[in-house]
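Trainee: Here you go, this is final-v3.csv (CSV, C-alpha atoms).
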```csv
chain,number,residue,atom,x,y,z
A,1,MET,CA,113.3,99.3,-32.9
A,2,THR,CA,110.8,100.4,-35.4
A,3,ALA,CA,107.1,101.1,-34.8
A,4,PRO,CA,104.7,98.3,-35.6
A,5,GLY,CA,102.5,100.6,-37.6
A,6,PRO,CA,101.3,104.2,-37.5
A,7,ALA,CA,102.2,106.3,-34.5
A,8,PRO,CA,99.5,106.1,-31.8
A,9,ALA,CA,96.7,108.6,-32.0
A,10,LYS,CA,96.7,111.2,-29.3
A,11,ARG,CA,94.5,110.1,-26.3
A,12,THR,CA,93.2,112.0,-23.4
A,13,GLY,CA,93.8,111.3,-19.8
A,14,PRO,CA,96.9,110.5,-17.7
A,15,ALA,CA,100.1,109.6,-19.6
A,16,ARG,CA,100.2,106.1,-18.1
A,17,ASP,CA,96.7,105.4,-19.3
A,18,GLN,CA,97.5,106.6,-22.8
A,19,VAL,CA,100.5,104.3,-23.0
A,20,TYR,CA,98.6,101.4,-21.5
A,21,ALA,CA,95.6,101.8,-23.9
A,22,TRP,CA,97.8,102.0,-27.0
A,23,LEU,CA,99.9,99.0,-26.2
A,24,ARG,CA,96.9,97.0,-25.0
A,25,ASP,CA,95.0,97.6,-28.3
A,26,ALA,CA,98.1,97.0,-30.4
A,27,ILE,CA,98.8,93.7,-28.7
A,28,ILE,CA,95.1,92.5,-28.9
A,29,SER,CA,94.9,93.4,-32.6
A,30,GLY,CA,98.3,91.7,-33.3
A,31,GLU,CA,99.9,94.9,-34.5
A,32,ILE,CA,102.5,94.2,-31.9
A,33,GLU,CA,103.1,90.5,-32.2
A,34,GLY,CA,103.6,87.9,-29.4
A,35,GLY,CA,107.2,87.3,-28.5
A,36,ARG,CA,108.3,90.9,-29.3
A,37,PHE,CA,110.4,92.8,-26.8
A,38,LEU,CA,109.3,96.3,-25.8
A,39,ASP,CA,111.8,99.0,-24.9
A,40,GLU,CA,110.8,101.8,-22.5
A,41,HIS,CA,112.8,104.4,-24.4
A,42,TRP,CA,111.2,103.4,-27.7
A,43,VAL,CA,107.7,103.5,-26.4
A,44,SER,CA,108.2,106.8,-24.6
A,45,GLY,CA,109.5,108.4,-27.7
A,46,LEU,CA,106.7,107.0,-29.9
A,47,VAL,CA,103.9,108.0,-27.6
A,48,GLY,CA,105.6,111.3,-26.5
A,49,VAL,CA,105.7,110.8,-22.7
A,50,SER,CA,108.5,110.3,-20.2
A,51,ARG,CA,109.7,106.8,-19.2
A,52,THR,CA,107.9,106.8,-15.8
A,53,PRO,CA,104.4,106.4,-17.2
A,54,VAL,CA,105.7,103.8,-19.6
A,55,ARG,CA,107.1,101.8,-16.7
A,56,GLU,CA,103.8,102.1,-14.9
A,57,ALA,CA,101.9,101.0,-18.0
A,58,PHE,CA,104.2,98.0,-18.3
A,59,HIS,CA,103.4,96.9,-14.8
A,60,GLN,CA,99.7,97.1,-15.5
A,61,LEU,CA,100.0,95.2,-18.7
A,62,ALA,CA,102.0,92.5,-16.9
A,63,ALA,CA,99.3,92.2,-14.2
A,64,GLU,CA,96.8,91.6,-17.0
A,65,HIS,CA,99.0,89.0,-18.7
A,66,PHE,CA,99.7,91.0,-21.9
A,67,ILE,CA,103.4,91.1,-21.3
A,68,SER,CA,106.1,89.5,-19.1
A,69,LEU,CA,108.7,91.6,-17.3
A,70,LEU,CA,112.1,89.9,-17.6
A,71,PRO,CA,115.1,90.9,-15.4
A,72,ARG,CA,117.7,92.7,-17.5
A,73,LYS,CA,115.7,92.1,-20.7
A,74,GLY,CA,112.8,94.4,-20.3
A,75,ALA,CA,109.2,93.6,-21.4
A,76,GLN,CA,108.2,90.8,-23.8
A,77,VAL,CA,104.7,90.4,-25.3
A,78,ARG,CA,103.2,87.1,-24.2
A,79,MET,CA,102.3,84.6,-26.8
A,80,VAL,CA,98.8,83.1,-26.9
A,81,THR,CA,99.3,79.4,-26.5
A,82,ALA,CA,97.0,76.5,-27.2
A,83,ARG,CA,96.8,75.6,-23.5
A,84,GLU,CA,95.9,79.2,-22.6
A,85,LEU,CA,93.1,79.2,-25.2
A,86,GLU,CA,91.7,75.9,-23.8
A,87,GLU,CA,91.9,77.2,-20.2
A,88,VAL,CA,90.2,80.5,-21.1
A,89,TYR,CA,87.4,78.7,-22.8
A,90,GLN,CA,87.0,76.3,-19.9
A,91,THR,CA,86.8,79.2,-17.4
A,92,ARG,CA,84.3,81.1,-19.6
A,93,ARG,CA,82.1,78.0,-19.8
A,94,LEU,CA,82.0,77.8,-16.0
A,95,ILE,CA,81.2,81.5,-15.5
A,96,GLU,CA,78.8,81.9,-18.4
A,97,GLY,CA,77.2,78.6,-17.7
A,98,HIS,CA,76.3,79.8,-14.2
A,99,ALA,CA,74.9,83.0,-15.7
A,100,ILE,CA,72.7,81.0,-18.1
A,101,SER,CA,71.4,78.9,-15.2
A,102,THR,CA,70.6,82.0,-13.1
A,103,LEU,CA,68.9,83.9,-16.0
A,104,CYS,CA,66.8,81.0,-17.0
A,105,ALA,CA,65.7,80.1,-13.5
A,106,ALA,CA,64.6,83.7,-13.0
A,107,ARG,CA,63.0,83.7,-16.4
A,108,ARG,CA,64.5,87.0,-17.3
A,109,GLY,CA,65.4,86.4,-20.9
A,110,ALA,CA,68.5,87.7,-22.7
A,111,PRO,CA,69.7,91.1,-21.5
A,112,GLU,CA,68.7,93.9,-23.9
A,113,GLU,CA,72.4,94.7,-24.5
A,114,MET,CA,73.0,91.3,-26.0
A,115,THR,CA,70.3,91.8,-28.6
A,116,GLU,CA,71.5,95.3,-29.4
A,117,LEU,CA,75.1,94.1,-30.1
A,118,LEU,CA,74.1,91.4,-32.6
A,119,ASP,CA,74.0,93.6,-35.7
A,120,SER,CA,77.1,95.6,-34.7
A,121,MET,CA,79.1,92.4,-34.4
A,122,GLU,CA,78.0,91.1,-37.7
A,123,ARG,CA,78.8,94.4,-39.5
A,124,ALA,CA,82.3,94.4,-37.9
A,125,GLY,CA,82.7,90.8,-39.0
A,126,ALA,CA,81.7,91.6,-42.6
A,127,ALA,CA,84.4,94.3,-42.6
A,128,ARG,CA,86.9,91.8,-41.1
A,129,ASP,CA,87.7,94.1,-38.3
A,130,TRP,CA,88.8,91.4,-35.8
A,131,PHE,CA,89.8,93.9,-33.2
A,132,LYS,CA,86.3,95.4,-33.1
A,133,VAL,CA,84.6,92.0,-33.3
A,134,SER,CA,86.6,90.8,-30.3
A,135,GLY,CA,85.6,93.9,-28.3
A,136,LEU,CA,81.9,93.6,-29.2
A,137,ASP,CA,81.9,89.8,-28.6
A,138,ARG,CA,83.3,90.4,-25.1
A,139,SER,CA,80.6,93.0,-24.4
A,140,PHE,CA,78.0,90.5,-25.6
A,141,HIS,CA,79.0,87.7,-23.3
A,142,ARG,CA,79.8,90.0,-20.4
A,143,ALA,CA,76.3,91.4,-20.5
A,144,MET,CA,75.0,88.0,-19.8
A,145,VAL,CA,77.4,87.5,-16.9
A,146,ASP,CA,76.6,90.9,-15.4
A,147,ALA,CA,72.9,90.3,-15.7
A,148,ALA,CA,73.2,87.3,-13.5
A,149,GLY,CA,73.8,89.7,-10.6
A,150,ASN,CA,76.9,88.1,-9.0
A,151,SER,CA,79.4,90.9,-8.7
A,152,VAL,CA,82.3,88.7,-7.7
A,153,LEU,CA,81.9,86.5,-10.7
A,154,THR,CA,81.6,89.6,-12.9
A,155,GLU,CA,84.9,90.9,-11.5
A,156,LEU,CA,86.5,87.5,-12.1
A,157,TYR,CA,85.2,87.5,-15.6
A,158,ASP,CA,86.7,90.9,-16.2
A,159,THR,CA,90.2,89.6,-15.3
A,160,LEU,CA,89.9,87.4,-18.5
A,161,ARG,CA,89.6,90.4,-20.7
A,162,SER,CA,93.1,90.5,-22.2
A,163,ARG,CA,93.3,86.8,-22.9
A,164,GLN,CA,89.7,86.6,-24.1
A,165,GLN,CA,90.1,89.3,-26.7
A,166,ARG,CA,93.5,88.1,-27.9
A,167,VAL,CA,92.2,84.6,-28.2
A,168,ALA,CA,89.2,85.8,-30.2
A,169,VAL,CA,91.4,87.8,-32.6
A,170,ARG,CA,93.8,84.9,-33.0
A,171,ALA,CA,91.0,82.4,-33.6
A,172,LEU,CA,89.3,84.7,-36.2
A,173,THR,CA,92.5,85.3,-38.0
A,174,ALA,CA,93.2,81.6,-38.2
A,175,ARG,CA,89.7,80.6,-39.2
A,176,PRO,CA,87.7,83.6,-40.6
A,177,GLU,CA,85.3,81.3,-42.4
A,178,ARG,CA,83.9,80.3,-38.9
A,179,LEU,CA,82.4,83.8,-38.6
A,180,THR,CA,79.0,82.8,-40.1
A,181,LEU,CA,78.7,80.0,-37.6
A,182,ILE,CA,79.7,82.2,-34.7
A,183,ASP,CA,77.1,84.8,-35.6
A,184,SER,CA,74.4,82.1,-35.8
A,185,GLU,CA,75.4,80.8,-32.4
A,186,HIS,CA,75.1,84.3,-30.9
A,187,ARG,CA,71.6,84.6,-32.2
A,188,ALA,CA,70.6,81.1,-31.1
A,189,LEU,CA,71.9,81.8,-27.6
A,190,VAL,CA,69.8,85.0,-27.3
A,191,ALA,CA,66.7,83.0,-28.5
A,192,ALA,CA,67.3,80.2,-26.0
A,193,LEU,CA,67.7,82.7,-23.2
A,194,ASP,CA,64.5,84.4,-24.2
A,195,GLU,CA,62.7,81.1,-24.1
A,196,HIS,CA,64.2,80.3,-20.7
A,197,ASP,CA,65.6,77.1,-22.1
A,198,GLU,CA,68.6,76.4,-19.9
A,199,ALA,CA,69.5,73.1,-21.5
A,200,GLU,CA,69.6,74.6,-25.1
A,201,ALA,CA,71.4,77.7,-24.0
A,202,THR,CA,74.0,75.6,-22.3
A,203,ARG,CA,74.4,73.4,-25.3
A,204,ILE,CA,74.9,76.4,-27.6
A,205,LEU,CA,77.5,77.9,-25.2
A,206,HIS,CA,79.5,74.7,-25.0
A,207,GLN,CA,79.5,74.4,-28.8
A,208,HIS,CA,80.4,78.1,-29.1
A,209,LEU,CA,83.3,77.9,-26.6
A,210,ARG,CA,84.9,74.7,-27.8
A,211,PRO,CA,88.5,74.7,-28.9
A,212,VAL,CA,88.7,74.2,-32.7
A,213,SER,CA,91.5,71.9,-33.8
A,214,GLU,CA,92.6,74.1,-36.7
A,215,VAL,CA,93.0,77.1,-34.4
A,216,ILE,CA,94.7,75.1,-31.7
A,217,SER,CA,97.2,73.7,-34.2
A,218,ALA,CA,98.1,77.2,-35.3
A,219,LEU,CA,99.1,78.2,-31.8
A,220,PRO,CA,102.4,77.4,-29.9
A,221,SER,CA,101.9,74.6,-27.4
```
Show the structure stored in the file as structure tokens.
Mentor:
Amino acid sequence: MTAPGPAPAKRTGPARDQVYAWLRDAIISGEIEGGRFLDEHWVSGLVGVSRTPVREAFHQLAAEHFISLLPRKGAQVRMVTARELEEVYQTRRLIEGHAISTLCAARRGAPEEMTELLDSMERAGAARDWFKVSGLDRSFHRAMVDAAGNSVLTELYDTLRSRQQRVAVRALTARPERLTLIDSEHRALVAALDEHDEAEATRILHQHLRPVSEVISALPS
């Protein structure tokens, strides 16, 4: 098996975490594509660690829905499907919609972090760095959820991380021309929160998190 790209850069921390972080980022970015089988021996040789931390990283990635562990076949990178995209968006609308309601009722306005991330997201988008855009986008929306103050919902939201970022990269890759609209929706959402306008913020969120037919059609069913 050949490497999907350059060998992973050296990272600090436990070997398991190094393997996990490299594989996670490569899967999110699409450098390791959906459907690909991963071999413990290949990964351990590429990263320069023993097979034990690779096995541990595989189990963590499986728990986060990046890969599937198949008996006698090893690990296979999960595909992003149309149904998964729709379900991720539906779950996000529920959690983020609750956050909007809470913030507007308390008249808190948009969290400062959301405003601070706007320019960074737009710069990353201009450079077509979809991996970076997906990470910043997640931080943007998570800041709103976290500011609502429900730690259980924030923890639940965090479990969506892998699918949320993979879906974002896949959607941007399929329809990069939507980036201008996405940026404008981000700014409109911040403005609506600052005006404590729950109805408008909710409308923008539902428009922002709607499945786009051209993206859906590009994904396996």
Trainee: Give me, as a ChimeraX atom specification, all polymer residues having an atom no more than 9 Å from region 160-170 of chain A, counting all atoms listed in the file and skipping those fewer than 3 positions away in the same chain.
Mentor: /A:24,27-30,64-66,80-81,84-85,88-89,91-92,130-131,133-135,137-138,156-157,173-175,215,219
Trainee: What would the file look like if the residues just selected were written as a compact mmCIF listing (two decimals), in the coordinates of the input with C-alpha atoms?
Mentor:
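Output file out26.txt follows:
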```
# COMPACT_ATOMS: atom_id res chain seq x y z
CA ARG A 24 96.90 97.00 -25.00
CA ILE A 27 98.80 93.70 -28.70
CA ILE A 28 95.10 92.50 -28.90
CA SER A 29 94.90 93.40 -32.60
CA GLY A 30 98.30 91.70 -33.30
CA GLU A 64 96.80 91.60 -17.00
CA HIS A 65 99.00 89.00 -18.70
CA PHE A 66 99.70 91.00 -21.90
CA VAL A 80 98.80 83.10 -26.90
CA THR A 81 99.30 79.40 -26.50
CA GLU A 84 95.90 79.20 -22.60
CA LEU A 85 93.10 79.20 -25.20
CA VAL A 88 90.20 80.50 -21.10
CA TYR A 89 87.40 78.70 -22.80
CA THR A 91 86.80 79.20 -17.40
CA ARG A 92 84.30 81.10 -19.60
CA TRP A 130 88.80 91.40 -35.80
CA PHE A 131 89.80 93.90 -33.20
CA VAL A 133 84.60 92.00 -33.30
CA SER A 134 86.60 90.80 -30.30
CA GLY A 135 85.60 93.90 -28.30
CA ASP A 137 81.90 89.80 -28.60
CA ARG A 138 83.30 90.40 -25.10
CA LEU A 156 86.50 87.50 -12.10
CA TYR A 157 85.20 87.50 -15.60
CA THR A 173 92.50 85.30 -38.00
CA ALA A 174 93.20 81.60 -38.20
CA ARG A 175 89.70 80.60 -39.20
CA VAL A 215 93.00 77.10 -34.40
CA LEU A 219 99.10 78.20 -31.80
```
Trainee: Provide the CA of Ser151 (chain A) to CA of Ser101 (chain A) distance in Å, to one decimal place.
Mentor: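 Value for the CA of Ser151 (chain A)-CA of Ser101 (chain A) distance: 15.8 Å.
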Trainee: Which distance in Å separates CA of Phe140 (chain A) and CA of Met114 (chain A), to one decimal?
Mentor: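 One can read the CA of Phe140 (chain A) to CA of Met114 (chain A) distance as 5.1 Å.
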Trainee: Go through A:Ile182, A:Ala147, A:Arg78, A:Ala15 one by one, measure the shortest atom-to-atom distance of each to Arg107 (chain A) using all atoms listed in the file, and give the residue with the smallest value.
Mentor: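 Under the stated criterion, the closest residue is A:Ala147.
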Trainee: Considering all atoms listed in the file, can you say which of A:Ala201, A:Ala99, A:Ala75, A:Leu136 comes closest to Leu38 (chain A)?
Mentor: A:Ala75
Trainee: Which residues are near His186 (chain A)? Cut-off 9 Å, all atoms listed in the file, ignore same chain within fewer than 5 positions. Put them as a list in words.
Mentor: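 Skipping anything fewer than 5 positions along the chain leaves Met114, Leu118, Phe140, Leu181, Ala191, Ile204, Leu205 and His208 of chain A.
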Trainee: Point out the residue among A:Glu96, A:Asp17, A:Glu198, A:Glu87 with the least atom-to-atom distance to Val54 (chain A), counting all atoms listed in the file.
Mentor: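 Of the candidates, the smallest distance to Val54 (chain A) is held by A:Asp17.
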Trainee: CA of Thr154 (chain A) and CA of Leu193 (chain A), how far apart in Å?
Mentor: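 Going from CA of Leu193 (chain A) over to CA of Thr154 (chain A), I get 18.6 Å.
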Trainee: Which is closest to Leu153 (chain A) among A:Gly97, A:Asp197, A:Arg83, A:Gly34, if we use all atoms listed in the file?
Mentor: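 Using all atoms listed in the file, Leu153 (chain A) sits closest to A:Gly97.
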